$ cat data-v9.cif   # mmCIF, C-alpha atoms and all ligand atoms
data_start
#
loop_
_atom_site.label_atom_id
_atom_site.label_comp_id
_atom_site.auth_asym_id
_atom_site.auth_seq_id
_atom_site.Cartn_x
_atom_site.Cartn_y
_atom_site.Cartn_z
CA MET R 1 -0.56 -6.43 -0.31
CA ALA R 2 2.97 -7.87 -0.70
CA LEU R 3 5.51 -5.60 -2.40
CA PRO R 4 6.79 -6.88 -5.76
CA SER R 5 10.26 -8.44 -5.66
CA PRO R 6 13.21 -6.40 -7.00
CA GLU R 7 13.27 -8.63 -10.09
CA GLN R 8 9.55 -7.98 -10.70
CA VAL R 9 10.10 -4.22 -10.37
CA ILE R 10 12.98 -4.29 -12.88
CA THR R 11 11.00 -6.42 -15.36
CA GLY R 12 7.97 -4.12 -14.98
CA GLN R 13 10.09 -1.00 -15.49
CA ARG R 14 11.69 -2.41 -18.64
CA GLN R 15 8.29 -3.32 -20.09
CA ASP R 16 6.68 -0.01 -19.08
CA TRP R 17 9.32 2.27 -20.58
CA ASN R 18 9.76 0.18 -23.72
CA ARG R 19 6.00 0.45 -24.25
CA VAL R 20 6.04 4.27 -24.14
CA ALA R 21 9.27 4.77 -26.14
CA GLY R 22 7.28 5.69 -29.28
CA GLY R 23 5.41 8.33 -27.28
CA TRP R 24 8.67 9.78 -25.97
CA GLU R 25 9.98 10.02 -29.54
CA LYS R 26 6.77 11.73 -30.65
CA TRP R 27 6.93 14.27 -27.80
CA ASP R 28 10.71 14.71 -27.94
CA ARG R 29 10.62 18.26 -29.29
CA PHE R 30 8.20 19.24 -26.54
CA PHE R 31 10.59 17.89 -23.88
CA ASP R 32 13.52 19.69 -25.44
CA GLU R 33 11.61 22.95 -25.48
CA GLN R 34 10.11 22.66 -22.00
CA MET R 35 12.72 20.89 -19.90
CA ALA R 36 16.16 21.78 -21.26
CA PHE R 37 16.81 23.90 -18.18
CA LEU R 38 16.98 20.74 -16.04
CA ASN R 39 19.69 19.24 -18.25
CA HIS R 40 21.72 22.45 -17.98
CA ARG R 41 21.31 22.42 -14.21
CA LEU R 42 22.55 18.80 -14.05
CA VAL R 43 25.53 19.58 -16.28
CA ALA R 44 26.40 22.46 -13.95
CA ASP R 45 25.90 20.50 -10.71
CA ALA R 46 28.07 17.64 -12.05
CA ARG R 47 30.76 20.24 -12.90
CA LEU R 48 31.09 18.90 -16.45
CA HIS R 49 33.81 20.31 -18.64
CA SER R 50 35.92 19.32 -21.62
CA GLY R 51 37.58 15.90 -21.47
CA LEU R 52 35.56 14.22 -18.68
CA ARG R 53 34.21 10.65 -18.82
CA VAL R 54 30.57 10.76 -17.68
CA LEU R 55 28.01 8.11 -16.75
CA ASP R 56 24.31 8.95 -17.15
CA LEU R 57 21.87 6.70 -15.28
CA GLY R 58 18.47 5.93 -16.78
CA SER R 59 19.11 8.01 -19.92
CA GLY R 60 15.86 7.06 -21.61
CA THR R 61 15.73 9.01 -24.87
CA GLY R 62 18.97 10.84 -24.05
CA TYR R 63 18.42 13.32 -21.21
CA PRO R 64 20.81 14.65 -20.00
CA ALA R 65 23.36 12.36 -21.75
CA LEU R 66 23.27 14.27 -25.05
CA LEU R 67 23.86 17.67 -23.45
CA ALA R 68 26.60 16.11 -21.28
CA ALA R 69 28.28 14.82 -24.47
CA GLN R 70 28.28 18.36 -25.84
CA ALA R 71 29.69 19.71 -22.57
CA VAL R 72 32.61 17.27 -22.39
CA GLY R 73 33.39 17.64 -26.10
CA SER R 74 35.39 15.35 -28.37
CA ASN R 75 38.09 14.82 -25.70
CA GLY R 76 35.51 13.43 -23.32
CA SER R 77 32.84 10.74 -23.49
CA VAL R 78 29.45 9.81 -22.05
CA VAL R 79 27.95 6.39 -21.41
CA GLY R 80 24.18 6.26 -20.92
CA VAL R 81 22.67 3.22 -19.18
CA ASP R 82 18.99 2.29 -19.23
CA LEU R 83 16.86 -0.84 -18.88
CA ALA R 84 14.68 -0.05 -21.88
CA GLU R 85 16.33 -0.72 -25.23
CA HIS R 86 13.55 1.02 -27.19
CA MET R 87 14.10 4.26 -25.24
CA LEU R 88 17.85 3.98 -25.93
CA ALA R 89 17.21 3.39 -29.65
CA VAL R 90 15.59 6.86 -29.76
CA ALA R 91 18.57 8.33 -27.86
CA GLU R 92 20.98 6.74 -30.36
CA LYS R 93 19.10 8.22 -33.33
CA LYS R 94 19.26 11.66 -31.72
CA ALA R 95 23.01 11.32 -31.01
CA THR R 96 23.60 10.52 -34.69
CA ARG R 97 21.44 13.43 -35.79
CA LEU R 98 23.35 15.78 -33.46
CA GLY R 99 26.73 14.44 -34.67
CA LEU R 100 27.85 13.21 -31.23
CA PRO R 101 30.15 10.18 -31.64
CA ASN R 102 31.37 10.56 -28.04
CA VAL R 103 28.14 9.24 -26.47
CA THR R 104 27.24 5.54 -26.30
CA PHE R 105 24.19 3.86 -24.81
CA ARG R 106 24.12 0.53 -23.07
CA VAL R 107 21.23 -1.60 -21.80
CA GLY R 108 21.68 -2.29 -18.10
CA ASP R 109 20.39 -1.96 -14.57
CA VAL R 110 21.54 1.01 -12.52
CA THR R 111 21.68 -1.12 -9.35
CA THR R 112 24.38 -3.39 -10.79
CA LEU R 113 26.63 -1.19 -12.89
CA PRO R 114 28.85 -3.09 -15.32
CA PHE R 115 31.82 -0.75 -14.84
CA GLU R 116 35.12 -0.80 -12.96
CA SER R 117 35.46 1.08 -9.69
CA ALA R 118 36.66 4.72 -9.93
CA SER R 119 36.15 4.78 -13.71
CA PHE R 120 34.01 7.95 -14.15
CA ASP R 121 34.70 11.67 -13.64
CA ALA R 122 31.00 12.43 -13.07
CA VAL R 123 27.60 10.74 -12.81
CA THR R 124 24.29 12.34 -13.85
CA SER R 125 20.71 11.12 -13.71
CA ARG R 126 17.31 12.64 -14.51
CA PHE R 127 13.99 11.16 -13.34
CA CYS R 128 15.21 7.56 -12.97
CA LEU R 129 16.41 6.80 -9.44
CA MET R 130 12.99 6.84 -7.75
CA PHE R 131 11.91 3.86 -9.87
CA LEU R 132 14.60 1.52 -8.50
CA PRO R 133 13.72 -1.31 -6.10
CA ASP R 134 16.94 -0.80 -4.10
CA ILE R 135 18.03 2.85 -4.20
CA PRO R 136 20.69 2.60 -1.44
CA LYS R 137 22.35 -0.12 -3.54
CA ALA R 138 22.38 2.22 -6.54
CA ALA R 139 23.88 4.97 -4.33
CA ALA R 140 26.65 2.55 -3.34
CA GLU R 141 27.22 1.73 -7.01
CA ILE R 142 27.44 5.43 -7.87
CA ALA R 143 30.00 5.94 -5.09
CA ARG R 144 31.96 2.92 -6.34
CA VAL R 145 32.25 4.00 -10.00
CA LEU R 146 33.02 7.67 -9.29
CA LYS R 147 36.67 8.70 -9.16
CA PRO R 148 37.70 10.35 -5.86
CA GLY R 149 36.85 14.07 -5.91
CA SER R 150 34.20 13.76 -8.64
CA TRP R 151 30.49 14.66 -8.57
CA LEU R 152 27.08 13.05 -8.88
CA ALA R 153 24.13 15.28 -9.92
CA ALA R 154 20.62 13.82 -9.91
CA ALA R 155 17.11 15.14 -10.56
CA VAL R 156 14.06 13.41 -9.07
CA TRP R 157 10.46 14.62 -8.79
CA SER R 158 9.66 16.67 -5.69
CA VAL R 159 6.42 16.38 -3.72
CA PRO R 160 3.05 15.81 -5.45
CA GLU R 161 1.52 19.05 -4.05
CA ASN R 162 4.10 21.01 -6.08
CA ASN R 163 3.69 18.90 -9.23
CA PRO R 164 0.01 19.15 -10.17
CA SER R 165 0.64 18.04 -13.75
CA ILE R 166 1.44 14.59 -12.33
CA SER R 167 -0.67 14.45 -9.20
CA LEU R 168 -3.96 15.66 -10.69
CA SER R 169 -4.17 12.59 -12.92
CA MET R 170 -3.66 10.26 -9.95
CA ALA R 171 -6.24 12.21 -7.97
CA ALA R 172 -8.70 11.81 -10.88
CA VAL R 173 -8.21 8.03 -10.94
CA LYS R 174 -8.74 7.92 -7.16
CA GLN R 175 -12.05 9.76 -7.58
CA VAL R 176 -13.27 6.98 -9.87
CA ILE R 177 -11.91 3.78 -8.29
CA ASP R 178 -10.61 2.77 -4.87
CA LEU R 179 -6.85 2.48 -5.03
CA PRO R 180 -4.90 0.83 -2.21
CA PRO R 181 -2.91 3.44 -0.26
CA THR R 182 0.51 4.03 -1.84
CA ASP R 183 3.37 2.53 0.16
CA PRO R 184 5.77 5.48 0.59
CA MET R 185 8.72 3.08 0.39
CA ALA R 186 7.63 1.45 -2.89
CA PRO R 187 9.38 2.50 -6.11
CA GLY R 188 7.42 5.21 -7.91
CA ILE R 189 7.36 8.81 -9.17
CA PHE R 190 7.42 10.39 -5.68
CA ARG R 191 9.59 7.84 -3.83
CA LEU R 192 12.47 10.37 -3.47
CA ALA R 193 10.32 13.49 -3.24
CA GLN R 194 10.96 14.46 0.39
CA PRO R 195 13.95 16.58 1.41
CA GLY R 196 16.76 14.33 2.57
CA ASP R 197 15.38 11.12 0.99
CA PHE R 198 18.08 10.61 -1.61
CA ALA R 199 20.62 12.88 0.09
CA GLY R 200 20.56 10.56 3.12
CA MET R 201 21.24 7.54 0.91
CA LEU R 202 24.18 9.30 -0.74
CA GLU R 203 25.55 10.17 2.67
CA GLY R 204 25.16 6.50 3.67
CA ALA R 205 27.14 5.55 0.55
CA GLY R 206 30.01 7.81 1.65
CA LEU R 207 29.54 10.88 -0.56
CA GLY R 208 30.18 14.33 0.91
CA ASP R 209 29.47 18.02 0.06
CA ILE R 210 25.84 16.99 -0.44
CA THR R 211 23.24 19.53 -1.58
CA ASP R 212 19.51 18.87 -1.76
CA GLN R 213 17.36 21.62 -3.23
CA GLU R 214 13.84 21.95 -4.55
CA PHE R 215 14.18 23.61 -7.94
CA LEU R 216 11.03 25.28 -9.27
CA GLY R 217 9.96 25.76 -12.86
CA GLU R 218 6.97 25.59 -15.18
CA TRP R 219 5.92 23.66 -18.24
CA SER R 220 3.11 24.49 -20.55
CA TYR R 221 0.81 22.95 -23.12
CA GLY R 222 -1.25 24.39 -25.96
CA SER R 223 -4.50 22.98 -24.53
CA THR R 224 -5.88 20.59 -21.90
CA GLU R 225 -6.39 18.01 -24.69
CA GLU R 226 -2.71 18.25 -25.65
CA TYR R 227 -1.73 17.78 -21.99
CA TYR R 228 -4.00 14.74 -21.69
CA MET R 229 -2.63 13.19 -24.87
CA SER R 230 1.00 13.58 -23.78
CA LEU R 231 0.20 12.17 -20.34
CA MET R 232 -1.33 9.06 -21.86
CA GLU R 233 1.52 8.57 -24.33
CA ILE R 234 4.58 9.13 -22.15
CA ALA R 235 3.70 8.57 -18.49
CA ALA R 236 4.14 4.83 -18.02
CA PRO R 237 2.92 4.80 -14.37
CA ILE R 238 -0.31 6.64 -15.33
CA GLN R 239 -0.83 4.32 -18.31
CA ASN R 240 -0.63 1.37 -15.90
CA LEU R 241 -3.35 2.87 -13.72
CA MET R 242 -5.59 3.63 -16.72
CA ALA R 243 -5.22 0.04 -17.96
CA THR R 244 -7.01 -1.19 -14.84
CA LEU R 245 -10.17 0.82 -15.69
CA SER R 246 -13.22 0.03 -17.82
CA GLU R 247 -13.85 2.21 -20.90
CA ALA R 248 -16.58 4.12 -19.02
CA GLN R 249 -14.25 4.73 -16.07
CA ARG R 250 -11.48 5.89 -18.45
CA GLN R 251 -13.85 8.44 -19.98
CA GLU R 252 -14.80 9.66 -16.51
CA VAL R 253 -11.13 9.99 -15.51
CA LYS R 254 -10.40 11.86 -18.74
CA HIS R 255 -13.22 14.30 -18.02
CA LEU R 256 -11.90 14.89 -14.48
CA ILE R 257 -8.31 15.37 -15.70
CA LEU R 258 -9.35 17.88 -18.38
CA LYS R 259 -11.46 19.78 -15.84
CA ALA R 260 -8.64 19.90 -13.25
CA ALA R 261 -6.06 20.89 -15.90
CA SER R 262 -8.25 23.77 -17.11
CA GLN R 263 -7.64 25.49 -13.76
CA PHE R 264 -4.06 26.05 -14.96
CA GLN R 265 -5.08 28.13 -17.98
CA ARG R 266 -2.70 31.12 -18.11
CA GLY R 267 -3.40 33.29 -21.13
CA ALA R 268 -3.51 31.07 -24.21
CA ARG R 269 -1.72 28.12 -22.58
CA ILE R 270 -2.08 25.55 -19.82
CA THR R 271 0.90 26.26 -17.56
CA PHE R 272 1.75 23.97 -14.67
CA PRO R 273 4.24 24.71 -11.91
CA LEU R 274 6.80 21.96 -11.49
CA ALA R 275 9.18 21.13 -8.67
CA VAL R 276 12.26 18.98 -9.04
CA ARG R 277 14.55 17.84 -6.26
CA MET R 278 18.15 18.42 -7.34
CA VAL R 279 20.61 16.39 -5.31
CA SER R 280 24.36 16.43 -5.72
CA GLY R 281 27.31 15.02 -3.83
CA ARG R 282 31.01 14.41 -4.18
CA LYS R 283 33.17 11.36 -3.58
CA PRO R 284 35.82 12.29 -0.99
CA ARG R 285 39.38 12.61 -2.32
C1 LIG R 301 11.05 8.93 -16.75
S1 LIG R 301 12.24 8.09 -17.71
C2 LIG R 301 13.53 9.32 -17.70
C3 LIG R 301 14.44 9.24 -18.89
C4 LIG R 301 15.44 10.40 -19.05
N1 LIG R 301 16.49 10.38 -18.07
C5 LIG R 301 14.72 11.74 -19.01
O1 LIG R 301 14.85 12.49 -18.04
O2 LIG R 301 14.00 12.03 -19.98
C6 LIG R 301 12.87 6.88 -16.58
C7 LIG R 301 13.91 5.97 -17.21
O3 LIG R 301 14.55 5.20 -16.16
C8 LIG R 301 14.80 3.90 -16.68
N2 LIG R 301 14.97 2.96 -15.56
C9 LIG R 301 14.08 2.62 -14.61
N3 LIG R 301 14.63 1.73 -13.75
C10 LIG R 301 15.90 1.52 -14.18
C11 LIG R 301 16.98 0.69 -13.73
N4 LIG R 301 16.85 -0.10 -12.65
N5 LIG R 301 18.14 0.72 -14.41
C12 LIG R 301 18.28 1.49 -15.51
N6 LIG R 301 17.30 2.29 -15.99
C13 LIG R 301 16.12 2.30 -15.34
C14 LIG R 301 13.58 3.61 -17.53
O4 LIG R 301 13.80 2.57 -18.45
C15 LIG R 301 13.31 4.97 -18.19
O5 LIG R 301 13.93 5.08 -19.45
#
$ encode --input "data-v9.cif" --output "structure tokens"
Amino acid sequence: MALPSPEQVITGQRQDWNRVAGGWEKWDRFFDEQMAFLNHRLVADARLHSGLRVLDLGSGTGYPALLAAQAVGSNGSVVGVDLAEHMLAVAEKKATRLGLPNVTFRVGDVTTLPFESASFDAVTSRFCLMFLPDIPKAAAEIARVLKPGSWLAAAVWSVPENNPSISLSMAAVKQVIDLPPTDPMAPGIFRLAQPGDFAGMLEGAGLGDITDQEFLGEWSYGSTEEYYMSLMEIAAPIQNLMATLSEAQRQEVKHLILKAASQFQRGARITFPLAVRMVSGRKPR
């Protein structure tokens, strides 16, 4: 099967994430509670401090842009870029609620950044870069907009075996229908999961001092039903798969997902391990 064109990927991404923006707003507190540690790690890896001008790529509903805005303070500023205006509308509401006038959000594509060269003191990104049709081009754009000596810090999902909360749903769909084998080079959740995947692209773009580490954590839900509901409301790629099924097949997949998730019962909660690839690099002086 022919791969979609870059334009088709971008259009699909915009539609997908706009569609789930309401779900992200609904589950926002859950994300804050469960995944704040990743934002802190990105702020640390990007060496953020007071006064810096930061670019956050694929900010969605504001992660890690809002924490970055707090880290750089009123002398600094953050610009968050994302394709999906409905996701950014949620981020804007949160910035107002948090009293952060130093963060702005802008609709745009990470592969063609509308900024001057050497105009940012740091770039951050969480769970966006693997969805791009041309990631080396985005790496070149990151290298272009960074000032010499400044850092990029990015988080992408690590391998499916270490992320059962994502992979078990795909495995359940595959038990019910025949899916074509996934092209490892196609944009998707695990496109940058292997060690060296994104690091190599950053190196190709001229960044140095590169680190590439699998960072382990956990996230937990009150029940398997709660996990299933969040999956269906926020995970655009899973929603797309489910939309291809009949009602009977969807019920079968749900049953399989709930059964597989119940194996992660730890005490009163469903607790999944998670593994994130943290990649950072610095533009040479
Ligand atoms: C899984 S969400 C992550 C959002 C946020 N960074 C977080 O960690 O919660 C992925 C985001 O990447 C955005 N995205 C995907 N492709 C993009 C592109 N080419 N340019 C800009 N944003 C993109 C989507 O619109 C979506 O909001």
$ residues_near_point --input "data-v9.cif" --point "(2.3, 24.2, -15.5)" --cutoff "7 Å" --atoms "all atoms listed in the file" --output "list in words"
Ser165, Glu218, Trp219, Ser220, Phe264, Ile270, Thr271, Phe272, Pro273 and Leu274 of chain R
$ residues_around --input "data-v9.cif" --residues "range 113-125 of chain R" --least-positions-apart "6" --cutoff "9 Å" --atoms "only C-alpha atoms" --output "PyMOL selection string"
chain R and resi 42-43+45-48+52-59+63-65+68+81+138+141-156
$ residues_around --input "data-v9.cif" --residues "Gly51 in chain R" --least-positions-apart "4" --cutoff "7 Å" --atoms "all atoms listed in the file" --output "NGL selection string"
:R and (72-73 or 75-76)
$ closest_residue --input "data-v9.cif" --among "R:Ser77, R:Ser158, R:Ser246, R:Gln263" --to "Phe215 in chain R" --atoms "all atoms listed in the file"
R:Ser158
$ residues_near_ligand --input "data-v9.cif" --ligand "ligand LIG 301 (chain R)" --cutoff "9 Å" --atoms "only C-alpha atoms and all ligand atoms" --output "mmCIF file with C-alpha atoms, keeping the file's coordinate frame"
data_model
loop_
_atom_site.group_PDB
_atom_site.id
_atom_site.type_symbol
_atom_site.label_atom_id
_atom_site.label_comp_id
_atom_site.auth_asym_id
_atom_site.auth_seq_id
_atom_site.Cartn_x
_atom_site.Cartn_y
_atom_site.Cartn_z
ATOM 1 C CA VAL R 9 10.100 -4.220 -10.370
ATOM 2 C CA ILE R 10 12.980 -4.290 -12.880
ATOM 3 C CA GLY R 12 7.970 -4.120 -14.980
ATOM 4 C CA GLN R 13 10.090 -1.000 -15.490
ATOM 5 C CA ARG R 14 11.690 -2.410 -18.640
ATOM 6 C CA GLN R 15 8.290 -3.320 -20.090
ATOM 7 C CA ASP R 16 6.680 -0.010 -19.080
ATOM 8 C CA TRP R 17 9.320 2.270 -20.580
ATOM 9 C CA ASN R 18 9.760 0.180 -23.720
ATOM 10 C CA ALA R 21 9.270 4.770 -26.140
ATOM 11 C CA TRP R 24 8.670 9.780 -25.970
ATOM 12 C CA PHE R 31 10.590 17.890 -23.880
ATOM 13 C CA MET R 35 12.720 20.890 -19.900
ATOM 14 C CA LEU R 38 16.980 20.740 -16.040
ATOM 15 C CA ASN R 39 19.690 19.240 -18.250
ATOM 16 C CA ASP R 56 24.310 8.950 -17.150
ATOM 17 C CA LEU R 57 21.870 6.700 -15.280
ATOM 18 C CA GLY R 58 18.470 5.930 -16.780
ATOM 19 C CA SER R 59 19.110 8.010 -19.920
ATOM 20 C CA GLY R 60 15.860 7.060 -21.610
ATOM 21 C CA THR R 61 15.730 9.010 -24.870
ATOM 22 C CA GLY R 62 18.970 10.840 -24.050
ATOM 23 C CA TYR R 63 18.420 13.320 -21.210
ATOM 24 C CA PRO R 64 20.810 14.650 -20.000
ATOM 25 C CA ALA R 65 23.360 12.360 -21.750
ATOM 26 C CA VAL R 81 22.670 3.220 -19.180
ATOM 27 C CA ASP R 82 18.990 2.290 -19.230
ATOM 28 C CA LEU R 83 16.860 -0.840 -18.880
ATOM 29 C CA ALA R 84 14.680 -0.050 -21.880
ATOM 30 C CA GLU R 85 16.330 -0.720 -25.230
ATOM 31 C CA HIS R 86 13.550 1.020 -27.190
ATOM 32 C CA MET R 87 14.100 4.260 -25.240
ATOM 33 C CA LEU R 88 17.850 3.980 -25.930
ATOM 34 C CA VAL R 107 21.230 -1.600 -21.800
ATOM 35 C CA GLY R 108 21.680 -2.290 -18.100
ATOM 36 C CA ASP R 109 20.390 -1.960 -14.570
ATOM 37 C CA VAL R 110 21.540 1.010 -12.520
ATOM 38 C CA THR R 111 21.680 -1.120 -9.350
ATOM 39 C CA THR R 112 24.380 -3.390 -10.790
ATOM 40 C CA LEU R 113 26.630 -1.190 -12.890
ATOM 41 C CA SER R 125 20.710 11.120 -13.710
ATOM 42 C CA ARG R 126 17.310 12.640 -14.510
ATOM 43 C CA PHE R 127 13.990 11.160 -13.340
ATOM 44 C CA CYS R 128 15.210 7.560 -12.970
ATOM 45 C CA LEU R 129 16.410 6.800 -9.440
ATOM 46 C CA MET R 130 12.990 6.840 -7.750
ATOM 47 C CA PHE R 131 11.910 3.860 -9.870
ATOM 48 C CA LEU R 132 14.600 1.520 -8.500
ATOM 49 C CA PRO R 133 13.720 -1.310 -6.100
ATOM 50 C CA ASP R 134 16.940 -0.800 -4.100
ATOM 51 C CA ALA R 138 22.380 2.220 -6.540
ATOM 52 C CA ALA R 155 17.110 15.140 -10.560
ATOM 53 C CA ILE R 189 7.360 8.810 -9.170
ATOM 54 C CA ILE R 234 4.580 9.130 -22.150
ATOM 55 C CA ALA R 235 3.700 8.570 -18.490
ATOM 56 C CA ALA R 236 4.140 4.830 -18.020
#
$ atom_distance --input "data-v9.cif" --atom1 "CA of His49 in chain R" --atom2 "CA of Val103 in chain R"
14.7 Å
$ atom_distance --input "data-v9.cif" --atom1 "CA of Gly206 in chain R" --atom2 "CA of Val159 in chain R"
25.7 Å
$ closest_residue --input "data-v9.cif" --among "R:Pro187, R:Gly200, R:Pro160, R:Pro195" --to "Pro4 in chain R" --atoms "only C-alpha atoms"
R:Pro187
$ closest_residue --input "data-v9.cif" --among "R:Arg285, R:Arg277, R:Arg106, R:His40" --to "Leu207 in chain R" --atoms "all atoms listed in the file"
R:Arg285
$ closest_residue --input "data-v9.cif" --among "R:Ala140, R:Leu192, R:Ala172, R:Met185" --to "Gln251 in chain R" --atoms "all atoms listed in the file"
R:Ala172
$ atom_distance --input "data-v9.cif" --atom1 "CA of Gln175 in chain R" --atom2 "CA of Ile238 in chain R"
14.4 Å
$ closest_residue --input "data-v9.cif" --among "R:Glu7, R:Val90, R:Ile177, R:Arg29" --to "Leu245 in chain R" --atoms "only C-alpha atoms"
R:Ile177
$ closest_residue --input "data-v9.cif" --among "R:Gln249, R:Arg41, R:Lys137, R:Met278" --to "Ala193 in chain R" --atoms "only C-alpha atoms"
R:Met278
$ residues_around --input "data-v9.cif" --residues "range 223-228 of chain R" --least-positions-apart "5" --cutoff "7 Å" --atoms "all atoms listed in the file" --output "list in words"
Leu258, Ala261, Ser262, Arg269 and Ile270 of chain R
$ build_atoms --input "data-v9.cif" --residues "range 262-283 of chain R" --atoms "N, CA and C atoms" --output "short mmCIF file (atom, residue, chain, number, x, y, z; two decimals), in the coordinates of the input"
data_model
loop_
_atom_site.label_atom_id
_atom_site.label_comp_id
_atom_site.auth_asym_id
_atom_site.auth_seq_id
_atom_site.Cartn_x
_atom_site.Cartn_y
_atom_site.Cartn_z
N SER R 262 -7.79 22.46 -16.60
CA SER R 262 -8.25 23.77 -17.11
C SER R 262 -8.05 24.87 -16.07
N GLN R 263 -7.90 24.47 -14.79
CA GLN R 263 -7.64 25.49 -13.76
C GLN R 263 -6.25 26.12 -13.91
N PHE R 264 -5.42 25.52 -14.77
CA PHE R 264 -4.06 26.05 -14.96
C PHE R 264 -3.94 26.86 -16.25
N GLN R 265 -5.10 27.27 -16.79
CA GLN R 265 -5.08 28.13 -17.98
C GLN R 265 -4.44 29.46 -17.61
N ARG R 266 -3.36 29.82 -18.31
CA ARG R 266 -2.70 31.12 -18.11
C ARG R 266 -2.58 31.74 -19.48
N GLY R 267 -3.38 32.75 -19.77
CA GLY R 267 -3.40 33.29 -21.13
C GLY R 267 -3.85 32.21 -22.08
N ALA R 268 -3.09 32.04 -23.19
CA ALA R 268 -3.51 31.07 -24.21
C ALA R 268 -3.07 29.65 -23.89
N ARG R 269 -2.30 29.45 -22.81
CA ARG R 269 -1.72 28.12 -22.58
C ARG R 269 -2.11 27.54 -21.23
N ILE R 270 -1.91 26.24 -21.11
CA ILE R 270 -2.08 25.55 -19.82
C ILE R 270 -0.68 25.46 -19.21
N THR R 271 -0.45 26.17 -18.13
CA THR R 271 0.90 26.26 -17.56
C THR R 271 0.90 25.70 -16.14
N PHE R 272 1.66 24.62 -15.98
CA PHE R 272 1.75 23.97 -14.67
C PHE R 272 3.04 24.37 -13.97
N PRO R 273 2.98 24.62 -12.65
CA PRO R 273 4.24 24.71 -11.91
C PRO R 273 4.87 23.32 -11.84
N LEU R 274 6.16 23.25 -11.75
CA LEU R 274 6.80 21.96 -11.49
C LEU R 274 7.91 22.14 -10.47
N ALA R 275 8.18 21.07 -9.73
CA ALA R 275 9.18 21.13 -8.67
C ALA R 275 10.03 19.86 -8.73
N VAL R 276 11.32 20.10 -8.88
CA VAL R 276 12.26 18.98 -9.04
C VAL R 276 13.25 19.03 -7.90
N ARG R 277 13.54 17.89 -7.32
CA ARG R 277 14.55 17.84 -6.26
C ARG R 277 15.91 17.59 -6.91
N MET R 278 16.81 18.54 -6.77
CA MET R 278 18.15 18.42 -7.34
C MET R 278 19.08 18.02 -6.21
N VAL R 279 19.72 16.89 -6.37
CA VAL R 279 20.61 16.39 -5.31
C VAL R 279 21.99 16.16 -5.91
N SER R 280 23.00 16.68 -5.23
CA SER R 280 24.36 16.43 -5.72
C SER R 280 25.26 16.07 -4.55
N GLY R 281 26.36 15.42 -4.87
CA GLY R 281 27.31 15.02 -3.83
C GLY R 281 28.63 14.66 -4.48
N ARG R 282 29.65 14.61 -3.66
CA ARG R 282 31.01 14.41 -4.18
C ARG R 282 31.69 13.27 -3.46
N LYS R 283 32.40 12.45 -4.22
CA LYS R 283 33.17 11.36 -3.58
C LYS R 283 34.41 11.97 -2.94
#
